[in-house]
Amino acid sequence: MMVCIYFSCTVLFFVLSCAMLCCAVPYCATLCCAVACPGPRLCECLQVCACPLCVAALAWCYLGLLLERQEEFPDVPMAIHDCGYSGTDPLSCYGTAIKMAKEDAFILNRLAKVFLLLGKDEMATGICSMALDVLPDPELNWQAYCTRAKIKVTTYVRGLECAKQGVAGVPDRQNLAEAKADLDKVLSVCPCLRTHLEMGQVYYYMGVDAMQERLLVDESAINASLVSLARALECDLGDLLPELQLLRGKCLLLKGEELNAVECFKRALELEAPGSTDTQSLRCLLETLLALFSQSCPGSGSGVGNAMSQLETWVRRGMEHFPPELVRAELQSLCRAHTAEVSELSRAAVRAGRMDLVRLLLDTVQPGREGRRRPLVRSMTV
């Protein structure tokens with residue numbers, strides 16, 4: 001009943017990817033031959049699979065995806081008509097996939113992952129709940145708890161971004177409580193780097209104001225976030241994730257530990273891949289260094305000079321890590337949001353003879369200069 005007759009290479013690649021999720025390497029090699037020579041019937045190539053139910057359910061899911069996005073092709077694939085799927089509702093394909101897998105928690109988890117990647121959060125949440133009804137034991141079905149927690153956090157963060165843009169109300173913080181409950185069950189049986197990091201993110205959002213992330217509302221939640229991030233750092237590869245250092249710096253900033261936060265932001269920037277377009281670490285670092293400069297005593301030449309030196313150094317480092325136009329956009333935003341502080345910094349830089357920093361700031365705010373718009377500030381996600 002799956003895709004039966006001489007399907008196009010597009011569908012073959014879809015089913016190949018789904019088979020790689022559930023079949024061993026030898027079976028994938030057989031499917032590779034089907035992709036290279038699409039003449040044989042696809043169902044004949046899948047007869048060797050050890051778990052045909054898994055392949056069938058995922059194939060129906062991918063078929064629904066193909067039907068849903070057929071308008072994105074230059075021409076509708078002829079295979080849709082050849083196989084008798086003309087006018088078929090994609091939802092019916094998704095429903096068939098879910099019906100086939102309704103008694104198997106592990107297949108349901110794979111379907112939930114697919115729907116999560118497609119942005120169908122409600123369907124993914126429902127499938128996770130079905131999987132947990134079938135197998136509620138977190139030790140055997142931790143993946144469903146992880147996926148559902150990820151959806152809850154993503155839903156909250158997405159709502160937060162819409163609220164900041166004025167197109168929606170404040171998101172429901174109940175999503176955070178439900179995500180925490182799911183992650184607690186996972187951590188009790190199989191703690192890992194990603195779970196500790198996600199728990200740290202949940203605690204972070206529970207500890208800050210929904211609309212102003214710089215406003216602390218629950219210090220105990222921020223402390224719990226730092227504990228989770230410390231445990232994540234103990235895991236393998238934990239010290240190589242820039243998002244972990246970024247989130248840690250934000251928590252320390254909320255506690256008033258600016259110097260410690262600066263070190264975390266520096267580490268996050270260093271871990272960013274060259275050419276990355278996510279400038280959150282640079283933004284937080286520049287704002288914190290500027291705040292430290294403003295807090296320095298005017299008569300203390302060493303403190304002011306150190307803050308200016310670090311600002312100049314890390315702007316240059318930012319130019320090396322990120323596209324120059326994004327760094328200029330961040331500097332432009334910094335100048336507009338903290339005009340008084342930047343003006344004082346420029347006067348101090350002139351007195352100290354640091355003309356390179358002054359030229360860079362003046363070049364950023366030069367009237368009539370068309371600069372690339374800085375991306376909208378997005379909330380922290382992992």
# chains A, B, ... in the order shown; residues from 1 in each chain; ligands from 1
call {"tool": "closest_atom_pairs", "arguments": {"of": "segment 142-173 of chain A", "to": "segment 104-115 of chain A", "cutoff": "9 Å", "atoms": "only C-alpha atoms", "output": "Markdown table"}}
result
| residue | atom | partner | partner_atom | distance |
| --- | --- | --- | --- | --- |
| A:Gln143 | CA | A:Asn109 | CA | 6.9 |
| A:Ala144 | CA | A:Asn109 | CA | 5.9 |
| A:Thr147 | CA | A:Lys113 | CA | 7.2 |
| A:Arg148 | CA | A:Ala112 | CA | 8.9 |
call {"tool": "atom_distance", "arguments": {"atom1": "atom CA of Val186 of chain A", "atom2": "atom CA of Cys54 of chain A"}}
result
24.5 Å
call {"tool": "atom_distance", "arguments": {"atom1": "atom CA of Ala181 of chain A", "atom2": "atom CA of Met199 of chain A"}}
result
9.9 Å
call {"tool": "residues_around", "arguments": {"residues": "Cys235 of chain A", "least_positions_apart": "5", "cutoff": "12 Å", "atoms": "only C-alpha atoms", "output": "list of chain:residue names"}}
result
A:Pro191, A:Cys192, A:Leu193, A:Arg194, A:Thr195, A:His196, A:Leu197, A:Ser228, A:Leu229, A:Ala230, A:Leu240, A:Leu241, A:Leu244
call {"tool": "write_last_selection", "arguments": {"atoms": "N, CA, C and O atoms", "output": "short mmCIF file (atom, residue, chain, number, x, y, z; two decimals), in the first residue's frame"}}
result
data_model
loop_
_atom_site.label_atom_id
_atom_site.label_comp_id
_atom_site.auth_asym_id
_atom_site.auth_seq_id
_atom_site.Cartn_x
_atom_site.Cartn_y
_atom_site.Cartn_z
N PRO A 191 20.45 11.31 32.35
CA PRO A 191 20.94 12.68 32.18
C PRO A 191 21.99 12.76 31.08
O PRO A 191 22.82 11.86 30.93
N CYS A 192 21.95 13.85 30.33
CA CYS A 192 22.91 14.02 29.24
C CYS A 192 23.11 15.52 29.00
O CYS A 192 22.43 16.36 29.61
N LEU A 193 24.04 15.84 28.13
CA LEU A 193 24.40 17.23 27.85
C LEU A 193 23.19 18.03 27.38
O LEU A 193 22.88 19.10 27.92
N ARG A 194 22.49 17.54 26.37
CA ARG A 194 21.37 18.30 25.81
C ARG A 194 20.26 18.50 26.82
O ARG A 194 19.66 19.59 26.89
N THR A 195 19.97 17.50 27.63
CA THR A 195 18.89 17.63 28.61
C THR A 195 19.24 18.64 29.69
O THR A 195 18.40 19.46 30.10
N HIS A 196 20.50 18.62 30.17
CA HIS A 196 20.93 19.62 31.15
C HIS A 196 20.84 21.03 30.56
O HIS A 196 20.44 21.98 31.24
N LEU A 197 21.23 21.16 29.30
CA LEU A 197 21.19 22.48 28.65
C LEU A 197 19.76 22.97 28.50
O LEU A 197 19.46 24.15 28.75
N SER A 228 22.31 23.63 36.42
CA SER A 228 22.11 22.76 35.26
C SER A 228 23.19 22.97 34.21
O SER A 228 23.69 22.01 33.60
N LEU A 229 23.58 24.23 33.98
CA LEU A 229 24.62 24.51 33.00
C LEU A 229 25.98 23.99 33.48
O LEU A 229 26.80 23.54 32.66
N ALA A 230 26.22 24.04 34.79
CA ALA A 230 27.47 23.48 35.32
C ALA A 230 27.52 21.97 35.08
O ALA A 230 28.58 21.41 34.75
N LEU A 240 32.27 23.04 24.51
CA LEU A 240 32.43 23.46 23.11
C LEU A 240 31.16 24.07 22.52
O LEU A 240 31.13 24.39 21.33
N LEU A 241 30.13 24.24 23.34
CA LEU A 241 28.86 24.78 22.84
C LEU A 241 28.77 26.27 23.13
O LEU A 241 28.72 26.68 24.30
N LEU A 244 25.74 27.38 25.29
CA LEU A 244 25.83 27.13 26.73
C LEU A 244 26.52 28.29 27.43
O LEU A 244 26.05 28.78 28.46
#
call {"tool": "residues_around", "arguments": {"residues": "Cys335 of chain A", "least_positions_apart": "6", "cutoff": "10 Å", "atoms": "only C-alpha atoms", "output": "list in words"}}
result
Ala329, Glu341, Val342, Ser343, Leu361, Leu362, Thr364 and Val365 of chain A
call {"tool": "select_by_dssp", "arguments": {"residues": "segment 216-301 of chain A", "states": "alpha helix (DSSP H)", "output": "count of residues only"}}
result
60
call {"tool": "residues_around", "arguments": {"residues": "Leu53 of chain A", "least_positions_apart": "2", "cutoff": "9 Å", "atoms": "only C-alpha atoms", "output": "ChimeraX atom specification"}}
result
/A:51,55-58,100-101,107
call {"tool": "write_last_selection", "arguments": {"atoms": "N, CA and C atoms", "output": "short mmCIF file (atom, residue, chain, number, x, y, z; two decimals), in the first residue's frame"}}
result
data_model
loop_
_atom_site.label_atom_id
_atom_site.label_comp_id
_atom_site.auth_asym_id
_atom_site.auth_seq_id
_atom_site.Cartn_x
_atom_site.Cartn_y
_atom_site.Cartn_z
N CYS A 51 11.91 -4.01 9.64
CA CYS A 51 10.76 -3.41 10.32
C CYS A 51 9.88 -2.73 9.28
N VAL A 55 8.90 1.44 8.22
CA VAL A 55 9.13 2.00 6.89
C VAL A 55 7.82 2.47 6.28
N ALA A 56 6.77 1.67 6.43
CA ALA A 56 5.49 2.03 5.84
C ALA A 56 4.94 3.31 6.45
N ALA A 57 4.99 3.42 7.79
CA ALA A 57 4.46 4.61 8.45
C ALA A 57 5.23 5.86 8.05
N LEU A 58 6.55 5.77 8.03
CA LEU A 58 7.36 6.92 7.66
C LEU A 58 7.19 7.27 6.19
N MET A 100 -1.19 3.60 11.51
CA MET A 100 -0.36 2.40 11.40
C MET A 100 0.55 2.23 12.61
N ALA A 101 0.97 3.36 13.21
CA ALA A 101 1.97 3.31 14.28
C ALA A 101 1.36 3.51 15.66
N ILE A 107 7.94 4.04 16.86
CA ILE A 107 7.59 4.61 15.55
C ILE A 107 6.89 5.95 15.74
#
